[in-house]
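For reference, start_15.csv is printed below; it contains CSV, C-alpha atoms.
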chain,number,residue,atom,x,y,z
H,1,MET,CA,-70.0,-17.6,27.0
H,2,SER,CA,-69.0,-19.5,24.0
H,3,LYS,CA,-68.9,-16.3,21.9
H,4,LYS,CA,-66.5,-14.6,24.3
H,5,HIS,CA,-64.3,-17.6,24.4
H,6,LYS,CA,-64.0,-17.6,20.6
H,7,ARG,CA,-62.9,-14.0,20.5
H,8,MET,CA,-60.2,-14.5,23.1
H,9,THR,CA,-58.7,-17.4,21.2
H,10,ALA,CA,-58.6,-15.4,18.0
H,11,SER,CA,-56.9,-12.4,19.6
H,12,ILE,CA,-54.3,-14.6,21.5
H,13,GLN,CA,-53.2,-16.4,18.4
H,14,GLU,CA,-50.4,-14.4,16.8
H,15,GLU,CA,-47.6,-15.0,14.3
H,16,VAL,CA,-44.1,-14.3,15.5
H,17,SER,CA,-41.7,-13.2,12.9
H,18,PRO,CA,-38.1,-12.1,13.6
H,19,ASN,CA,-37.2,-8.5,12.9
H,20,LEU,CA,-34.5,-8.6,10.2
H,21,ILE,CA,-33.8,-4.9,10.0
H,22,PRO,CA,-31.1,-4.8,12.8
H,23,MET,CA,-29.4,-7.9,11.2
H,24,VAL,CA,-29.3,-6.3,7.8
H,25,ASP,CA,-27.9,-3.1,9.4
H,26,ILE,CA,-25.2,-5.1,11.1
H,27,MET,CA,-24.3,-6.9,7.8
H,28,PHE,CA,-23.9,-3.6,6.0
H,29,LEU,CA,-21.7,-2.2,8.7
H,30,LEU,CA,-19.5,-5.4,8.6
H,31,LEU,CA,-19.3,-5.1,4.8
H,32,LEU,CA,-18.3,-1.5,5.0
H,33,PHE,CA,-15.7,-2.3,7.7
H,34,PHE,CA,-14.1,-5.1,5.6
H,35,MET,CA,-14.1,-3.0,2.4
H,36,LEU,CA,-12.3,-0.1,4.1
H,37,SER,CA,-9.8,-2.3,6.0
H,38,ALA,CA,-9.0,-4.2,2.8
H,39,ASP,CA,-8.3,-0.9,1.0
H,40,MET,CA,-5.9,0.2,3.7
H,41,GLY,CA,-3.6,-2.8,3.0
H,42,GLN,CA,-2.8,-1.4,-0.5
H,43,ARG,CA,-1.9,2.1,0.7
H,44,GLU,CA,1.8,1.2,0.6
H,45,LEU,CA,1.9,0.9,-3.2
H,46,GLU,CA,1.4,4.1,-5.3
H,47,ASP,CA,0.2,4.0,-8.9
H,48,VAL,CA,3.6,3.6,-10.6
H,49,VAL,CA,4.3,2.3,-14.1
H,50,LEU,CA,7.4,0.2,-13.5
H,51,PRO,CA,10.1,0.0,-16.2
H,52,LYS,CA,10.3,-3.3,-18.1
H,53,ALA,CA,13.1,-5.6,-17.2
H,54,ASN,CA,15.1,-7.9,-19.5
H,55,SER,CA,15.0,-10.6,-16.8
H,56,ILE,CA,13.4,-10.8,-13.4
H,57,LYS,CA,13.6,-12.7,-10.2
H,58,GLU,CA,10.1,-13.6,-9.0
H,59,ASP,CA,9.1,-11.7,-5.8
H,60,LYS,CA,8.4,-14.3,-3.1
H,61,GLU,CA,7.3,-11.7,-0.5
H,62,THR,CA,3.6,-11.1,0.1
H,63,LYS,CA,1.9,-8.0,-1.3
H,64,GLY,CA,2.2,-6.3,2.0
H,65,GLY,CA,5.9,-7.0,1.9
H,66,GLY,CA,6.2,-8.5,5.3
H,67,ASP,CA,9.1,-6.6,7.0
H,68,ARG,CA,10.1,-5.0,3.7
H,69,LEU,CA,9.6,-1.3,3.4
H,70,THR,CA,8.4,0.0,0.0
H,71,ILE,CA,9.6,3.4,-1.3
H,72,ASN,CA,7.6,4.8,-4.3
H,73,VAL,CA,8.9,7.4,-6.6
H,74,TYR,CA,6.0,8.7,-8.6
H,75,HIS,CA,4.8,11.7,-10.6
H,76,ARG,CA,2.5,14.2,-8.8
H,77,PRO,CA,-1.0,13.4,-10.2
H,78,GLN,CA,-2.3,17.0,-10.0
H,79,ILE,CA,0.5,18.3,-12.3
H,80,LYS,CA,-0.2,18.3,-16.0
H,81,CYS,CA,3.2,17.5,-17.5
H,82,VAL,CA,3.7,17.3,-21.3
H,83,ASN,CA,6.7,14.9,-21.0
H,84,PHE,CA,5.1,12.6,-18.5
H,85,ASN,CA,1.8,12.4,-20.3
H,86,GLY,CA,3.6,11.8,-23.5
H,87,GLY,CA,5.5,8.8,-22.0
H,88,LYS,CA,8.8,10.6,-22.0
H,89,VAL,CA,11.2,11.2,-19.0
H,90,CYS,CA,10.1,14.2,-16.9
H,91,ARG,CA,13.3,15.8,-15.6
H,92,ASP,CA,11.6,18.4,-13.3
H,93,ASP,CA,12.3,17.4,-9.7
H,94,ALA,CA,9.3,19.5,-8.5
H,95,HIS,CA,7.0,17.1,-10.4
H,96,TRP,CA,8.1,14.0,-8.5
H,97,LEU,CA,7.3,12.7,-5.0
H,98,VAL,CA,8.9,10.0,-2.8
H,99,GLY,CA,6.3,8.2,-0.7
H,100,ILE,CA,6.3,5.6,1.9
H,101,LYS,CA,3.1,4.0,3.4
H,102,GLY,CA,0.9,6.7,1.8
H,103,ARG,CA,3.0,9.6,3.2
H,104,ASP,CA,5.1,11.9,1.0
H,105,TYR,CA,8.7,12.9,1.8
H,106,PRO,CA,9.7,15.7,-0.6
H,107,ASP,CA,12.7,16.6,1.6
H,108,PRO,CA,15.6,14.0,1.7
H,109,GLU,CA,16.4,14.9,5.3
H,110,LYS,CA,12.8,14.0,6.4
H,111,LEU,CA,13.1,10.8,4.4
H,112,GLN,CA,16.4,10.0,6.1
H,113,LYS,CA,14.9,10.6,9.6
H,114,PHE,CA,12.0,8.3,8.8
H,115,LEU,CA,14.3,5.6,7.4
H,116,ILE,CA,16.6,5.8,10.5
H,117,LYS,CA,13.6,5.1,12.7
H,118,GLU,CA,12.6,2.2,10.5
H,119,ALA,CA,16.2,0.9,10.4
H,120,ASP,CA,16.7,1.1,14.2
H,121,SER,CA,14.0,-1.5,14.6
H,122,ALA,CA,16.2,-4.1,12.8
H,123,ARG,CA,19.6,-2.8,13.7
H,124,GLY,CA,22.1,-4.7,15.7
H,125,MET,CA,21.0,-8.2,14.7
H,126,ASP,CA,24.3,-8.8,13.0
H,127,LYS,CA,26.9,-9.0,15.8
H,128,ASN,CA,29.8,-8.3,13.5
H,129,ASN,CA,28.3,-5.1,12.2
H,130,PRO,CA,25.8,-3.6,14.7
H,131,GLN,CA,25.4,-0.3,12.7
H,132,ILE,CA,23.9,-2.1,9.6
H,133,SER,CA,20.2,-2.7,9.7
H,134,GLU,CA,18.6,-5.9,8.5
H,135,ARG,CA,15.6,-3.9,7.2
H,136,LYS,CA,14.8,-4.7,3.6
H,137,VAL,CA,13.7,-1.9,1.2
H,138,MET,CA,12.0,-2.1,-2.2
H,139,ILE,CA,12.4,1.0,-4.4
H,140,ARG,CA,9.6,1.3,-7.0
H,141,ALA,CA,10.3,4.1,-9.4
H,142,ASP,CA,8.1,5.1,-12.3
H,143,ALA,CA,9.5,4.3,-15.8
H,144,SER,CA,9.4,8.0,-16.7
H,145,ALA,CA,11.3,9.1,-13.6
H,146,PRO,CA,14.9,10.2,-13.9
H,147,TYR,CA,17.3,7.6,-12.6
H,148,GLY,CA,18.7,10.2,-10.2
H,149,LEU,CA,15.6,10.0,-8.0
H,150,ALA,CA,16.0,6.3,-7.4
H,151,GLN,CA,19.7,6.8,-6.9
H,152,ARG,CA,18.9,9.5,-4.3
H,153,ALA,CA,16.6,7.1,-2.5
H,154,MET,CA,19.3,4.5,-2.4
H,155,ASN,CA,21.8,7.0,-1.0
H,156,VAL,CA,19.4,8.0,1.7
H,157,CYS,CA,18.9,4.3,2.6
H,158,ALA,CA,22.7,3.9,2.8
H,159,LYS,CA,23.0,6.9,5.1
H,160,ALA,CA,20.4,5.4,7.4
H,161,GLY,CA,22.3,2.1,7.4
H,162,ILE,CA,20.0,0.1,5.2
H,163,TYR,CA,21.8,-1.9,2.6
H,164,LYS,CA,19.3,-4.6,1.6
H,165,ILE,CA,17.8,-2.7,-1.3
H,166,GLU,CA,15.8,-4.1,-4.2
H,167,VAL,CA,14.5,-2.3,-7.2
H,168,GLY,CA,11.0,-3.0,-8.6
H,169,ALA,CA,10.5,-3.7,-12.3
H,170,ALA,CA,7.7,-5.0,-14.5
H,171,ARG,CA,7.8,-8.5,-15.9
H,172,PRO,CA,9.2,-8.6,-19.5
H,173,LEU,CA,6.7,-9.1,-22.3
H,174,SER,CA,8.0,-12.6,-23.1
H,175,ASP,CA,7.4,-13.7,-19.5
H,176,LYS,CA,3.8,-12.3,-19.5
H,177,LYS,CA,2.8,-14.6,-22.3
H,178,ARG,CA,4.0,-17.7,-20.3
H,179,VAL,CA,2.1,-16.9,-17.2
Representation of the structure as structure tokens:
Amino acid sequence: MSKKHKRMTASIQEEVSPNLIPMVDIMFLLLLFFMLSADMGQRELEDVVLPKANSIKEDKETKGGGDRLTINVYHRPQIKCVNFNGGKVCRDDAHWLVGIKGRDYPDPEKLQKFLIKEADSARGMDKNNPQISERKVMIRADASAPYGLAQRAMNVCAKAGIYKIEVGAARPLSDKKRV
């Protein structure tokens, strides 16, 4: 009987170790989720080389812009343009796009319809002028873009009742050294 008893005690004794594979899977899924959601926050800003300013007013808004809408005027990345790639002004309107929140608006009428919807959410806050929207807009135009494209975006904002318009510019070289 003593031999059987020894076998039973040896087979009953086990080491319990936690299975880490499901925990690692969950960690990778969380990491993937946070990486993708962090990228979505930057979709509002296109790759634009801003013109240099002589002087600037520091932007106090957050990167997302809060309630500010950002309009980007940028060159189509798939078009090989000699002027744009050479750092000169590209005057071909077909080469340029106007984008808001990652969506392009090549037609000014479609841009105006979108801006009217955005302006309506902040319209009527001013009792003296209910037609004017309190919505803020930042226009970021590429340095190689003709000024007429930024001016066209400003006119569309005015037609939609948006008058709080800012224009994005890069920090002057002298200010970059101080920061």
Shortest interatomic distance to H:Ile132 - which of H:Ile162, H:Ala153, H:Val24, H:Ile116, counting only C-alpha atoms: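 Selected residue with least distance to H:Ile132: H:Ile162.
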Surrounding residues of stretch 78-82 of chain H excluding itself and chain neighbours under 4 positions, 10 Å, only C-alpha atoms, as a ChimeraX atom specification: /H:86-90,92,94-96
Of the listed residues H:Ala170, H:Ala158, H:Ile139, H:Ile165, that which approaches H:Gly99 most closely, counting all atoms listed in the file: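 Checking each candidate against H:Gly99, we get H:Ile139 as the closest.
One distance worth recording is that between atom CA of H:Pro146 and atom CA of H:Tyr74, which is 10.5 Å.
One distance worth recording is that between atom CA of H:Gln131 and atom CA of H:Gly161, which is 6.6 Å.
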Two-atom distance - atom CA of H:Leu97, atom CA of H:Ala169 (Å): 18.2 Å
9 Å contact set for H:Val156, only C-alpha atoms, chain neighbours under 6 positions out, as a ChimeraX atom specification: /H:108-109,111-112,115,162
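With only C-alpha atoms as the basis for measurement, H:Ala53 is the residue among H:Leu32, H:Asp120, H:Tyr105, H:Ala53 that approaches H:Gly168 most closely.
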Top pick for closest residue to H:Ile100, considering H:Arg140, H:Asn83, H:Ala122, H:Pro77 and counting only C-alpha atoms: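 Using only C-alpha atoms, the shortest distance to H:Ile100 belongs to H:Arg140.
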Closest of H:Glu134, H:Asp142, H:Asp25, H:Glu166 to H:His75 - atom-to-atom distances counting only C-alpha atoms: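 Residue with the minimum atom-to-atom distance to H:His75: H:Asp142.
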Closest of H:Ala119, H:Met35, H:Met23, H:Ala141 to H:Tyr163 - atom-to-atom distances counting only C-alpha atoms: H:Ala119
